[in-house]
>>> print(open('entry_29.tsv').read())   # TSV, C-alpha atoms
chain	number	residue	atom	x	y	z
A	30	MET	CA	13.13	34.27	-19.96
A	31	ALA	CA	16.92	34.36	-19.82
A	32	MET	CA	17.72	30.90	-18.52
A	33	ASN	CA	21.30	31.68	-17.57
A	34	ASP	CA	20.20	34.41	-15.16
A	35	ILE	CA	17.80	32.36	-13.08
A	36	SER	CA	18.59	30.02	-10.23
A	37	ASP	CA	18.17	26.26	-10.35
A	38	ASP	CA	15.11	26.40	-8.09
A	39	ASP	CA	13.48	29.07	-10.25
A	40	LEU	CA	14.12	26.94	-13.29
A	41	GLN	CA	12.44	23.95	-11.65
A	42	GLU	CA	9.49	26.14	-10.61
A	43	TRP	CA	9.12	27.36	-14.16
A	44	LEU	CA	9.30	23.83	-15.57
A	45	ASP	CA	6.79	22.59	-13.00
A	46	ALA	CA	4.34	25.27	-14.01
A	47	SER	CA	4.92	24.56	-17.71
A	48	ASN	CA	4.56	20.81	-17.33
A	49	ARG	CA	1.50	20.93	-15.10
A	50	SER	CA	-0.22	23.17	-17.60
A	51	ASN	CA	0.85	20.77	-20.37
A	52	ARG	CA	2.96	23.49	-21.95
A	53	LYS	CA	6.37	21.93	-22.45
A	54	PRO	CA	9.23	24.26	-23.40
A	55	GLY	CA	9.04	24.52	-27.13
A	56	LYS	CA	11.35	25.72	-29.83
A	57	SER	CA	10.56	29.30	-28.93
A	58	GLU	CA	12.22	28.84	-25.53
A	59	PRO	CA	15.92	29.60	-25.31
A	60	GLU	CA	18.25	26.68	-25.91
A	61	ASP	CA	19.77	25.92	-22.56
A	62	GLU	CA	21.57	22.79	-21.40
A	63	ALA	CA	19.97	22.85	-17.94
A	64	VAL	CA	16.46	23.24	-19.36
A	65	ARG	CA	17.05	20.37	-21.79
A	66	LEU	CA	18.39	18.09	-19.05
A	67	TYR	CA	15.59	18.96	-16.67
A	68	GLN	CA	12.99	18.40	-19.37
A	69	GLN	CA	14.46	14.97	-20.12
A	70	LEU	CA	14.34	14.23	-16.40
A	71	TYR	CA	10.73	15.43	-16.06
A	72	ASP	CA	9.66	13.37	-19.07
A	73	GLU	CA	11.31	10.23	-17.72
A	74	LEU	CA	9.86	10.71	-14.24
A	75	SER	CA	6.37	10.86	-15.75
A	76	VAL	CA	6.75	7.56	-17.60
A	77	GLU	CA	4.75	4.65	-16.16
A	78	PRO	CA	6.99	1.88	-14.79
A	79	VAL	CA	6.94	-1.34	-16.80
A	80	VAL	CA	6.27	-3.44	-13.69
A	81	GLY	CA	2.61	-4.36	-13.34
A	82	LEU	CA	0.38	-6.39	-11.06
A	83	SER	CA	-0.88	-9.80	-12.11
A	84	TYR	CA	-4.09	-10.12	-14.07
A	85	GLY	CA	-6.92	-10.65	-11.62
A	86	PHE	CA	-5.14	-8.90	-8.76
A	87	SER	CA	-8.36	-7.28	-7.54
A	88	VAL	CA	-10.16	-10.64	-7.59
A	89	SER	CA	-7.48	-12.28	-5.48
A	90	VAL	CA	-7.58	-9.37	-2.99
A	91	VAL	CA	-11.35	-9.68	-2.66
A	92	ARG	CA	-11.09	-13.44	-2.23
A	93	GLN	CA	-8.48	-13.05	0.52
A	94	ILE	CA	-10.73	-10.56	2.29
A	95	GLN	CA	-13.69	-12.95	2.04
A	96	VAL	CA	-11.63	-15.79	3.50
A	97	LYS	CA	-10.44	-13.58	6.37
A	98	GLU	CA	-13.98	-12.35	7.02
A	99	THR	CA	-15.31	-15.93	7.10
A	100	CYS	CA	-12.59	-16.95	9.56
A	101	ARG	CA	-13.36	-13.94	11.73
A	102	ARG	CA	-17.08	-14.67	11.77
A	103	GLU	CA	-16.46	-18.34	12.60
A	104	ARG	CA	-14.16	-17.36	15.44
A	105	GLN	CA	-16.84	-15.04	16.79
A	106	ALA	CA	-19.47	-17.76	16.51
A	107	TYR	CA	-17.31	-20.27	18.39
A	108	ILE	CA	-16.71	-17.73	21.14
A	109	TRP	CA	-20.45	-17.10	21.46
A	110	VAL	CA	-21.28	-20.82	21.55
A	111	GLY	CA	-18.64	-21.40	24.25
A	112	LEU	CA	-19.94	-18.47	26.23
A	113	CYS	CA	-23.54	-19.68	25.96
A	114	LEU	CA	-22.63	-23.21	27.12
A	115	PHE	CA	-20.70	-21.79	30.05
A	116	LEU	CA	-23.60	-19.51	30.97
A	117	MET	CA	-26.06	-22.40	30.76
A	118	LEU	CA	-23.95	-24.40	33.19
A	119	ILE	CA	-23.73	-21.46	35.55
A	120	VAL	CA	-27.51	-20.96	35.39
A	121	VAL	CA	-28.23	-24.64	36.11
A	122	LEU	CA	-25.85	-24.67	39.06
A	123	SER	CA	-27.24	-21.39	40.34
A	124	ILE	CA	-30.83	-22.64	40.18
A	125	GLN	CA	-29.89	-25.75	42.07
A	126	ALA	CA	-28.07	-23.70	44.69
A	127	VAL	CA	-30.92	-21.20	45.08
A	128	TYR	CA	-33.67	-23.83	45.45
A	129	ARG	CA	-31.43	-26.07	47.58
A	130	VAL	CA	-32.23	-29.05	45.40
A	131	ASN	CA	-29.91	-31.95	45.86
A	132	GLY	CA	-30.27	-32.50	42.18
A	133	LEU	CA	-26.72	-32.26	40.96
A	134	ILE	CA	-26.07	-35.94	41.60
A	135	GLU	CA	-29.55	-36.75	40.23
A	136	THR	CA	-28.79	-34.78	37.09
A	137	LEU	CA	-25.49	-36.56	36.57
A	138	ARG	CA	-27.20	-39.90	37.09
A	139	ALA	CA	-29.85	-39.01	34.53
A	140	LEU	CA	-27.17	-37.99	32.09
A	141	ASP	CA	-25.41	-41.31	32.70
A	142	ASP	CA	-28.56	-43.15	31.65
A	143	ILE	CA	-28.85	-41.30	28.38
A	144	LYS	CA	-25.12	-40.92	27.60
A	145	PHE	CA	-25.16	-43.14	24.50
A	146	PRO	CA	-28.05	-41.38	22.74
A	147	VAL	CA	-26.47	-37.99	23.67
A	148	LEU	CA	-23.06	-39.05	22.36
A	149	PHE	CA	-24.64	-40.44	19.19
A	150	ILE	CA	-26.59	-37.24	18.51
A	151	SER	CA	-23.53	-35.06	19.21
A	152	ALA	CA	-21.36	-37.17	16.88
A	153	LEU	CA	-24.04	-37.06	14.17
A	154	LEU	CA	-24.39	-33.27	14.40
A	155	SER	CA	-20.60	-32.85	14.28
A	156	LEU	CA	-20.42	-35.10	11.20
A	157	ILE	CA	-23.12	-33.07	9.44
A	158	GLN	CA	-21.28	-29.83	10.28
A	159	TRP	CA	-17.98	-31.24	9.04
A	160	ALA	CA	-19.53	-32.52	5.78
A	161	ASP	CA	-21.23	-29.17	5.21
A	162	ARG	CA	-17.94	-27.35	5.70
A	163	ARG	CA	-15.84	-29.84	3.75
A	164	PHE	CA	-18.05	-30.38	0.69
A	165	VAL	CA	-20.68	-27.65	0.43
A	166	LYS	CA	-19.10	-24.39	1.70
A	167	ARG	CA	-15.72	-25.01	0.05
A	168	LYS	CA	-17.40	-25.61	-3.32
A	169	LEU	CA	-19.43	-22.41	-2.96
A	170	SER	CA	-16.42	-20.28	-1.97
A	171	SER	CA	-14.40	-21.54	-4.95
A	172	LYS	CA	-17.17	-20.31	-7.27
A	173	LEU	CA	-17.09	-16.78	-5.80
A	174	PRO	CA	-15.09	-14.06	-7.64
B	19	MET	CA	-22.73	12.69	-2.16
B	20	ASN	CA	-19.99	12.13	-4.72
B	21	ASP	CA	-19.02	8.90	-6.45
B	22	GLU	CA	-16.24	8.08	-3.97
B	23	GLU	CA	-18.53	8.50	-0.98
B	24	VAL	CA	-21.14	6.23	-2.54
B	25	LEU	CA	-18.48	3.61	-3.24
B	26	VAL	CA	-17.10	3.74	0.31
B	27	ARG	CA	-20.58	3.51	1.84
B	28	ARG	CA	-21.41	0.48	-0.32
B	29	ILE	CA	-18.20	-1.23	0.80
B	30	VAL	CA	-18.81	-0.48	4.47
B	31	GLN	CA	-22.29	-2.01	4.09
B	32	GLY	CA	-20.61	-5.22	2.88
B	33	ASP	CA	-20.70	-4.92	-0.91
B	34	VAL	CA	-17.68	-6.95	-2.02
B	35	ARG	CA	-18.11	-6.04	-5.70
B	36	ALA	CA	-17.78	-2.39	-4.77
B	37	TYR	CA	-14.48	-3.14	-3.07
B	38	GLN	CA	-13.25	-4.86	-6.21
B	39	THR	CA	-14.04	-1.63	-8.09
B	40	LEU	CA	-12.06	0.37	-5.53
B	41	VAL	CA	-9.06	-1.98	-5.87
B	42	GLU	CA	-9.14	-1.69	-9.66
B	43	ARG	CA	-9.33	2.10	-9.41
B	44	TYR	CA	-6.38	2.53	-7.03
B	45	GLN	CA	-4.12	-0.45	-7.75
B	46	ARG	CA	-1.98	1.64	-10.10
B	47	LEU	CA	-1.35	4.27	-7.41
B	48	VAL	CA	-0.49	1.63	-4.81
B	49	LEU	CA	1.79	-0.19	-7.24
B	50	HIS	CA	3.71	3.01	-8.01
B	51	MET	CA	4.15	3.81	-4.32
B	52	VAL	CA	5.15	0.31	-3.29
B	53	GLY	CA	7.30	-0.25	-6.37
B	54	ARG	CA	9.39	2.81	-5.60
B	55	ILE	CA	10.02	1.77	-1.99
B	56	ILE	CA	10.39	-2.02	-2.10
B	57	ARG	CA	13.63	-3.24	-3.63
B	58	GLN	CA	12.59	-6.89	-3.98
B	59	PRO	CA	10.35	-7.19	-7.07
B	60	GLU	CA	8.94	-10.53	-5.87
B	61	ASP	CA	7.55	-8.83	-2.74
B	62	ILE	CA	5.76	-5.98	-4.52
B	63	GLU	CA	2.49	-7.79	-5.23
B	64	ASP	CA	2.29	-9.23	-1.71
B	65	VAL	CA	2.78	-5.79	-0.18
B	66	CYS	CA	0.13	-4.33	-2.52
B	67	GLN	CA	-2.28	-7.04	-1.31
B	68	GLU	CA	-1.42	-6.21	2.28
B	69	VAL	CA	-2.15	-2.55	1.57
B	70	PHE	CA	-5.62	-3.28	0.18
B	71	ILE	CA	-6.45	-5.61	3.07
B	72	LYS	CA	-5.50	-2.81	5.48
B	73	VAL	CA	-7.56	-0.32	3.46
B	74	TYR	CA	-10.60	-2.62	3.73
B	75	LYS	CA	-10.08	-3.07	7.47
B	76	HIS	CA	-9.80	0.66	8.16
B	77	LEU	CA	-12.37	1.90	5.64
B	78	PRO	CA	-15.14	2.25	8.26
B	79	ASP	CA	-12.85	4.77	10.05
B	80	TYR	CA	-12.28	6.88	6.92
B	81	GLN	CA	-13.96	10.24	7.50
B	82	PHE	CA	-13.54	11.87	4.04
B	83	GLY	CA	-11.21	14.42	5.63
B	84	SER	CA	-8.78	14.00	2.74
B	85	LYS	CA	-9.09	12.58	-0.76
B	86	LEU	CA	-9.51	8.81	-0.83
B	87	SER	CA	-6.44	8.50	-3.07
B	88	THR	CA	-4.32	10.41	-0.53
B	89	TRP	CA	-5.61	8.26	2.31
B	90	ILE	CA	-4.87	5.03	0.40
B	91	ALA	CA	-1.43	6.34	-0.63
B	92	SER	CA	-0.55	7.07	3.01
B	93	ILE	CA	-1.45	3.48	3.97
B	94	ALA	CA	0.64	2.19	1.05
B	95	TYR	CA	3.57	4.40	2.10
B	96	ARG	CA	3.54	3.23	5.72
B	97	THR	CA	3.07	-0.43	4.79
B	98	ALA	CA	5.91	-0.37	2.27
B	99	ILE	CA	8.25	1.39	4.70
B	100	ASN	CA	7.45	-1.12	7.45
B	101	HIS	CA	8.11	-3.96	5.02
B	102	SER	CA	11.46	-2.42	4.02
B	103	LYS	CA	12.43	-2.04	7.67
B	104	LYS	CA	11.50	-5.66	8.33
B	105	ILE	CA	13.59	-6.86	5.40
B	106	SER	CA	16.65	-4.71	6.02
B	107	ARG	CA	16.43	-4.63	9.85
B	108	GLY	CA	18.11	-1.25	9.68
B	109	PRO	CA	17.77	2.17	8.05
B	110	VAL	CA	15.30	2.08	5.19
B	111	SER	CA	17.53	3.79	2.64
B	112	GLY	CA	20.86	2.54	1.52
B	113	PHE	CA	22.43	5.87	2.48
B	114	PRO	CA	24.05	7.04	5.66
B	115	GLU	CA	21.70	9.01	7.92
B	116	THR	CA	23.51	12.28	7.21
B	117	TRP	CA	22.92	11.94	3.49
B	118	ALA	CA	19.36	13.26	3.49
B	119	SER	CA	20.27	16.31	5.52
B	120	GLU	CA	23.51	17.18	3.69
B	121	PRO	CA	23.04	16.12	0.11
B	122	GLU	CA	24.99	19.06	-1.28
B	123	ASP	CA	28.22	17.12	-0.85
B	124	ALA	CA	26.71	13.87	-1.95
B	125	ASN	CA	27.66	12.54	-5.30
B	126	LEU	CA	25.26	10.05	-6.83
B	127	VAL	CA	27.51	8.97	-9.65
B	128	ASN	CA	30.69	6.99	-9.70
B	129	PRO	CA	32.75	6.57	-12.91
B	130	GLU	CA	32.26	2.79	-13.17
B	131	GLU	CA	28.54	3.24	-13.20
B	132	MET	CA	28.74	5.60	-16.11
B	133	LEU	CA	30.51	2.90	-18.09
B	134	MET	CA	28.04	0.22	-16.98
B	135	HIS	CA	24.95	1.90	-18.41
B	136	GLN	CA	24.89	2.31	-22.15
B	137	ASP	CA	21.48	3.95	-22.10
B	138	TRP	CA	20.93	7.24	-20.23
B	139	LYS	CA	17.44	6.16	-19.20
B	140	ALA	CA	18.74	3.01	-17.50
B	141	PHE	CA	21.43	5.12	-15.88
B	142	LEU	CA	18.85	7.60	-14.64
B	143	HIS	CA	16.65	4.89	-13.13
B	144	ALA	CA	19.68	3.41	-11.37
B	145	GLN	CA	20.31	6.86	-9.86
B	146	ILE	CA	16.66	7.21	-8.78
B	147	ALA	CA	16.89	3.82	-7.04
B	148	LYS	CA	19.87	5.15	-5.05
B	149	LEU	CA	17.94	8.10	-3.65
B	150	PRO	CA	16.53	7.95	-0.11
B	151	ILE	CA	12.99	6.60	0.24
B	152	GLN	CA	11.37	9.98	0.93
B	153	TYR	CA	12.92	11.46	-2.20
B	154	ARG	CA	11.79	8.56	-4.37
B	155	THR	CA	8.29	8.64	-2.92
B	156	ILE	CA	7.94	12.39	-3.42
B	157	LEU	CA	9.19	12.14	-7.02
B	158	THR	CA	6.63	9.41	-7.74
B	159	LEU	CA	3.73	11.20	-6.13
B	160	TYR	CA	4.54	14.50	-7.79
B	161	HIS	CA	5.42	13.37	-11.30
B	162	LEU	CA	3.44	10.14	-11.77
B	163	GLU	CA	0.38	10.79	-9.61
B	164	GLU	CA	0.45	14.57	-10.03
B	165	LEU	CA	-0.33	15.22	-6.36
B	166	SER	CA	0.13	18.68	-4.86
B	167	TYR	CA	2.71	19.48	-2.15
B	168	GLU	CA	-0.09	19.50	0.41
B	169	GLU	CA	-1.35	16.06	-0.61
B	170	ILE	CA	2.20	14.64	-0.64
B	171	GLY	CA	2.65	16.09	2.84
B	172	GLN	CA	-0.48	14.25	3.99
B	173	VAL	CA	0.79	10.97	2.54
B	174	THR	CA	4.33	11.19	3.93
B	175	SER	CA	3.53	13.15	7.13
B	176	LEU	CA	6.12	15.76	6.12
B	177	PRO	CA	5.57	19.53	6.16
B	178	GLU	CA	4.85	21.08	2.77
B	179	GLY	CA	8.13	23.03	2.85
B	180	THR	CA	10.11	19.83	3.40
B	181	VAL	CA	8.27	18.11	0.57
B	182	LYS	CA	9.17	20.92	-1.80
B	183	ASN	CA	12.75	21.02	-0.56
B	184	TYR	CA	13.20	17.24	-1.03
B	185	LEU	CA	11.62	17.35	-4.46
B	186	PHE	CA	13.90	20.12	-5.67
B	187	ARG	CA	16.99	18.50	-4.15
B	188	ALA	CA	16.18	15.12	-5.67
B	189	ARG	CA	15.70	16.60	-9.13
B	190	ARG	CA	18.87	18.69	-8.86
B	191	LEU	CA	20.88	15.61	-7.86
B	192	LEU	CA	19.44	13.64	-10.76
B	193	LYS	CA	20.03	16.47	-13.20
B	194	GLU	CA	23.67	16.74	-12.10
B	195	ALA	CA	24.12	12.99	-12.43
B	196	LEU	CA	22.59	13.11	-15.89
B	197	GLN	CA	24.85	16.00	-16.84
B	198	ARG	CA	27.96	14.08	-15.78
B	199	TYR	CA	26.76	11.04	-17.69
B	200	LYS	CA	26.15	13.08	-20.87
B	201	ASN	CA	29.55	14.76	-20.53
B	202	SER	CA	31.25	11.40	-20.15
B	203	GLU	CA	29.39	10.16	-23.24
B	204	GLN	CA	31.00	12.88	-25.32
B	205	TRP	CA	34.46	11.55	-24.42
B	206	ARG	CA	33.71	7.94	-25.27
>>> encode(input="entry_29.tsv", output="structure tokens")
Amino acid sequence: MAMNDISDDDLQEWLDASNRSNRKPGKSEPEDEAVRLYQQLYDELSVEPVVGLSYGFSVSVVRQIQVKETCRRERQAYIWVGLCLFLMLIVVLSIQAVYRVNGLIETLRALDDIKFPVLFISALLSLIQWADRRFVKRKLSSKLP
Amino acid sequence: MNDEEVLVRRIVQGDVRAYQTLVERYQRLVLHMVGRIIRQPEDIEDVCQEVFIKVYKHLPDYQFGSKLSTWIASIAYRTAINHSKKISRGPVSGFPETWASEPEDANLVNPEEMLMHQDWKAFLHAQIAKLPIQYRTILTLYHLEELSYEEIGQVTSLPEGTVKNYLFRARRLLKEALQRYKNSEQWR
């Protein structure tokens, strides 16, 4: 191939084909400045950059995903709990309205009588939940990859 | 069902270990893409992480219409470009808008730069860094990842003809810069 006669684009096409088939221009090819420069360019463009990612990059990505997933699931759970409590209240009020029971005041009175045990149980359950989250789940998640 | 499909299905079913395998398999590709676009080295790893988090999020929507590597590369490309835009709050390349369309008149090299770089490889990499983002991305995908024009088009959302045109222009500009550098070396 007479390198001086061909256009720049043709030369690049030819080098692309040679390089992709792992046949670099050898000594048998005509000595041409453009070919030499292009070959140097092609070689340098195929060299891996020295910059790399930190060791354990994949582990940290997976951990981040796990944390995000846990947060997402917790958010969903809180939404469901809130929704259930709201629905329960609606149902109670609806039942009382349907059966015309003057029980709303009675219910509140009954709740007033048992407010301390209810508050104590609620506080205890919250404390157990907090301890589980603070000491047990955090330890487990730090052991994961 | 090929290996990639099995891997994706395992991930979608919640297998975290399988996702770690996917990250290890494609982190080199993502690093090359992001590294060519982002100018701040300290941001590269964070953007790569962002890419893989997006990949995980959108994996259930992946329909095997293209190669997984092409699909991941397109996410990396868009994420890196968005990050660059956020950082620069302006055009993503350091060149005027007309540069990409009329590069024939453009001259990559200035004489001071030729004196600055003692090594032609360092000089060449400085010239690559000055190219517009699309040019740099296409060079990386073609030469480092050995993707075809069609696959590069899928990643960058450019027509195949444009991909080829940009690739040839970029290489011609770099070759001319290299030629000027080598000529100047002879006179030193």
>>> closest_atom_pairs(input="entry_29.tsv", of="chain A", to="chain B", cutoff="10 Å", atoms="only C-alpha atoms", output="Markdown table")
| residue | atom | partner | partner_atom | distance |
| --- | --- | --- | --- | --- |
| A:Asp37 | CA | B:Arg190 | CA | 7.7 |
| A:Asp38 | CA | B:Phe186 | CA | 6.8 |
| A:Gln41 | CA | B:Phe186 | CA | 7.2 |
| A:Glu42 | CA | B:Phe186 | CA | 8.9 |
| A:Asp45 | CA | B:His161 | CA | 9.5 |
| A:Asn48 | CA | B:His161 | CA | 9.6 |
| A:Arg49 | CA | B:Glu164 | CA | 8.2 |
| A:Glu62 | CA | B:Gln197 | CA | 8.8 |
| A:Ala63 | CA | B:Lys193 | CA | 7.9 |
| A:Val64 | CA | B:Lys193 | CA | 9.8 |
| A:Arg65 | CA | B:Lys193 | CA | 9.9 |
| A:Leu66 | CA | B:Lys193 | CA | 6.3 |
| A:Tyr67 | CA | B:Lys193 | CA | 6.2 |
| A:Gln68 | CA | B:Lys193 | CA | 9.6 |
| A:Gln69 | CA | B:Lys193 | CA | 9.0 |
| A:Leu70 | CA | B:Lys193 | CA | 6.9 |
| A:Tyr71 | CA | B:His161 | CA | 7.4 |
| A:Asp72 | CA | B:His161 | CA | 8.9 |
| A:Glu73 | CA | B:Lys139 | CA | 7.5 |
| A:Leu74 | CA | B:His161 | CA | 6.0 |
| A:Ser75 | CA | B:Leu162 | CA | 5.0 |
| A:Val76 | CA | B:Leu162 | CA | 7.2 |
| A:Glu77 | CA | B:Leu162 | CA | 7.2 |
| A:Pro78 | CA | B:His50 | CA | 7.6 |
| A:Val80 | CA | B:Gly53 | CA | 8.1 |
| A:Gly81 | CA | B:Leu49 | CA | 7.4 |
| A:Leu82 | CA | B:Glu63 | CA | 6.4 |
| A:Ser83 | CA | B:Glu63 | CA | 7.9 |
| A:Gly85 | CA | B:Glu42 | CA | 9.4 |
| A:Phe86 | CA | B:Gln67 | CA | 8.2 |
| A:Ser87 | CA | B:Val41 | CA | 5.6 |
| A:Val88 | CA | B:Gln38 | CA | 6.7 |
| A:Ser89 | CA | B:Gln67 | CA | 8.5 |
| A:Val90 | CA | B:Gln67 | CA | 6.0 |
| A:Val91 | CA | B:Gln38 | CA | 6.3 |
| A:Arg92 | CA | B:Val34 | CA | 9.3 |
| A:Gln93 | CA | B:Ile71 | CA | 8.1 |
| A:Ile94 | CA | B:Ile71 | CA | 6.6 |
| A:Gln95 | CA | B:Val34 | CA | 8.3 |
| A:Lys97 | CA | B:Ile71 | CA | 9.5 |
| A:Pro174 | CA | B:Arg35 | CA | 8.8 |
>>> write_last_selection(input="entry_29.tsv", atoms="C-alpha atoms", output="short mmCIF file (atom, residue, chain, number, x, y, z; two decimals), in the coordinates of the input")
data_model
loop_
_atom_site.label_atom_id
_atom_site.label_comp_id
_atom_site.auth_asym_id
_atom_site.auth_seq_id
_atom_site.Cartn_x
_atom_site.Cartn_y
_atom_site.Cartn_z
CA ASP A 37 18.17 26.26 -10.35
CA ASP A 38 15.11 26.40 -8.09
CA GLN A 41 12.44 23.95 -11.65
CA GLU A 42 9.49 26.14 -10.61
CA ASP A 45 6.79 22.59 -13.00
CA ASN A 48 4.56 20.81 -17.33
CA ARG A 49 1.50 20.93 -15.10
CA GLU A 62 21.57 22.79 -21.40
CA ALA A 63 19.97 22.85 -17.94
CA VAL A 64 16.46 23.24 -19.36
CA ARG A 65 17.05 20.37 -21.79
CA LEU A 66 18.39 18.09 -19.05
CA TYR A 67 15.59 18.96 -16.67
CA GLN A 68 12.99 18.40 -19.37
CA GLN A 69 14.46 14.97 -20.12
CA LEU A 70 14.34 14.23 -16.40
CA TYR A 71 10.73 15.43 -16.06
CA ASP A 72 9.66 13.37 -19.07
CA GLU A 73 11.31 10.23 -17.72
CA LEU A 74 9.86 10.71 -14.24
CA SER A 75 6.37 10.86 -15.75
CA VAL A 76 6.75 7.56 -17.60
CA GLU A 77 4.75 4.65 -16.16
CA PRO A 78 6.99 1.88 -14.79
CA VAL A 80 6.27 -3.44 -13.69
CA GLY A 81 2.61 -4.36 -13.34
CA LEU A 82 0.38 -6.39 -11.06
CA SER A 83 -0.88 -9.80 -12.11
CA GLY A 85 -6.92 -10.65 -11.62
CA PHE A 86 -5.14 -8.90 -8.76
CA SER A 87 -8.36 -7.28 -7.54
CA VAL A 88 -10.16 -10.64 -7.59
CA SER A 89 -7.48 -12.28 -5.48
CA VAL A 90 -7.58 -9.37 -2.99
CA VAL A 91 -11.35 -9.68 -2.66
CA ARG A 92 -11.09 -13.44 -2.23
CA GLN A 93 -8.48 -13.05 0.52
CA ILE A 94 -10.73 -10.56 2.29
CA GLN A 95 -13.69 -12.95 2.04
CA LYS A 97 -10.44 -13.58 6.37
CA PRO A 174 -15.09 -14.06 -7.64
#
>>> atom_distance(input="entry_29.tsv", atom1="atom CA of A:Glu98", atom2="atom CA of B:Thr88")
25.9 Å
>>> residues_around(input="entry_29.tsv", residues="stretch 95-102 of chain B", least_positions_apart="5", cutoff="7 Å", atoms="only C-alpha atoms", output="list in words")
Met51, Val52, Ile55, Ile56, Val65, Val69 and Val110 of chain B
>>> atom_distance(input="entry_29.tsv", atom1="atom CA of B:Thr180", atom2="atom CA of B:Gln152")
10.2 Å
>>> atom_distance(input="entry_29.tsv", atom1="atom CA of A:Arg101", atom2="atom CA of A:Leu156")
22.3 Å
>>> decode(input="entry_29.tsv", residues="stretch 169-191 of chain B", atoms="C-alpha atoms", output="PDB file, in the first residue's frame")
ATOM      1  CA  GLU B 169     -22.149   0.185  20.615  1.00  0.00           C
ATOM      2  CA  ILE B 170     -20.493   3.592  21.097  1.00  0.00           C
ATOM      3  CA  GLY B 171     -23.556   5.147  19.463  1.00  0.00           C
ATOM      4  CA  GLN B 172     -25.776   3.360  21.994  1.00  0.00           C
ATOM      5  CA  VAL B 173     -23.664   4.633  24.891  1.00  0.00           C
ATOM      6  CA  THR B 174     -23.430   8.256  23.747  1.00  0.00           C
ATOM      7  CA  SER B 175     -26.803   8.471  21.943  1.00  0.00           C
ATOM      8  CA  LEU B 176     -25.002   9.660  18.807  1.00  0.00           C
ATOM      9  CA  PRO B 177     -25.575   8.295  15.290  1.00  0.00           C
ATOM     10  CA  GLU B 178     -22.949   5.827  14.082  1.00  0.00           C
ATOM     11  CA  GLY B 179     -21.783   8.240  11.376  1.00  0.00           C
ATOM     12  CA  THR B 180     -21.171  10.968  13.952  1.00  0.00           C
ATOM     13  CA  VAL B 181     -19.272   8.551  16.171  1.00  0.00           C
ATOM     14  CA  LYS B 182     -16.975   7.632  13.304  1.00  0.00           C
ATOM     15  CA  ASN B 183     -16.576  11.262  12.270  1.00  0.00           C
ATOM     16  CA  TYR B 184     -15.658  12.360  15.825  1.00  0.00           C
ATOM     17  CA  LEU B 185     -13.248   9.465  16.237  1.00  0.00           C
ATOM     18  CA  PHE B 186     -11.405  10.256  13.019  1.00  0.00           C
ATOM     19  CA  ARG B 187     -11.324  13.995  13.760  1.00  0.00           C
ATOM     20  CA  ALA B 188     -10.030  13.442  17.279  1.00  0.00           C
ATOM     21  CA  ARG B 189      -7.246  11.172  16.085  1.00  0.00           C
ATOM     22  CA  ARG B 190      -6.300  13.538  13.264  1.00  0.00           C
ATOM     23  CA  LEU B 191      -6.088  16.461  15.703  1.00  0.00           C
TER      24      LEU B 191
END
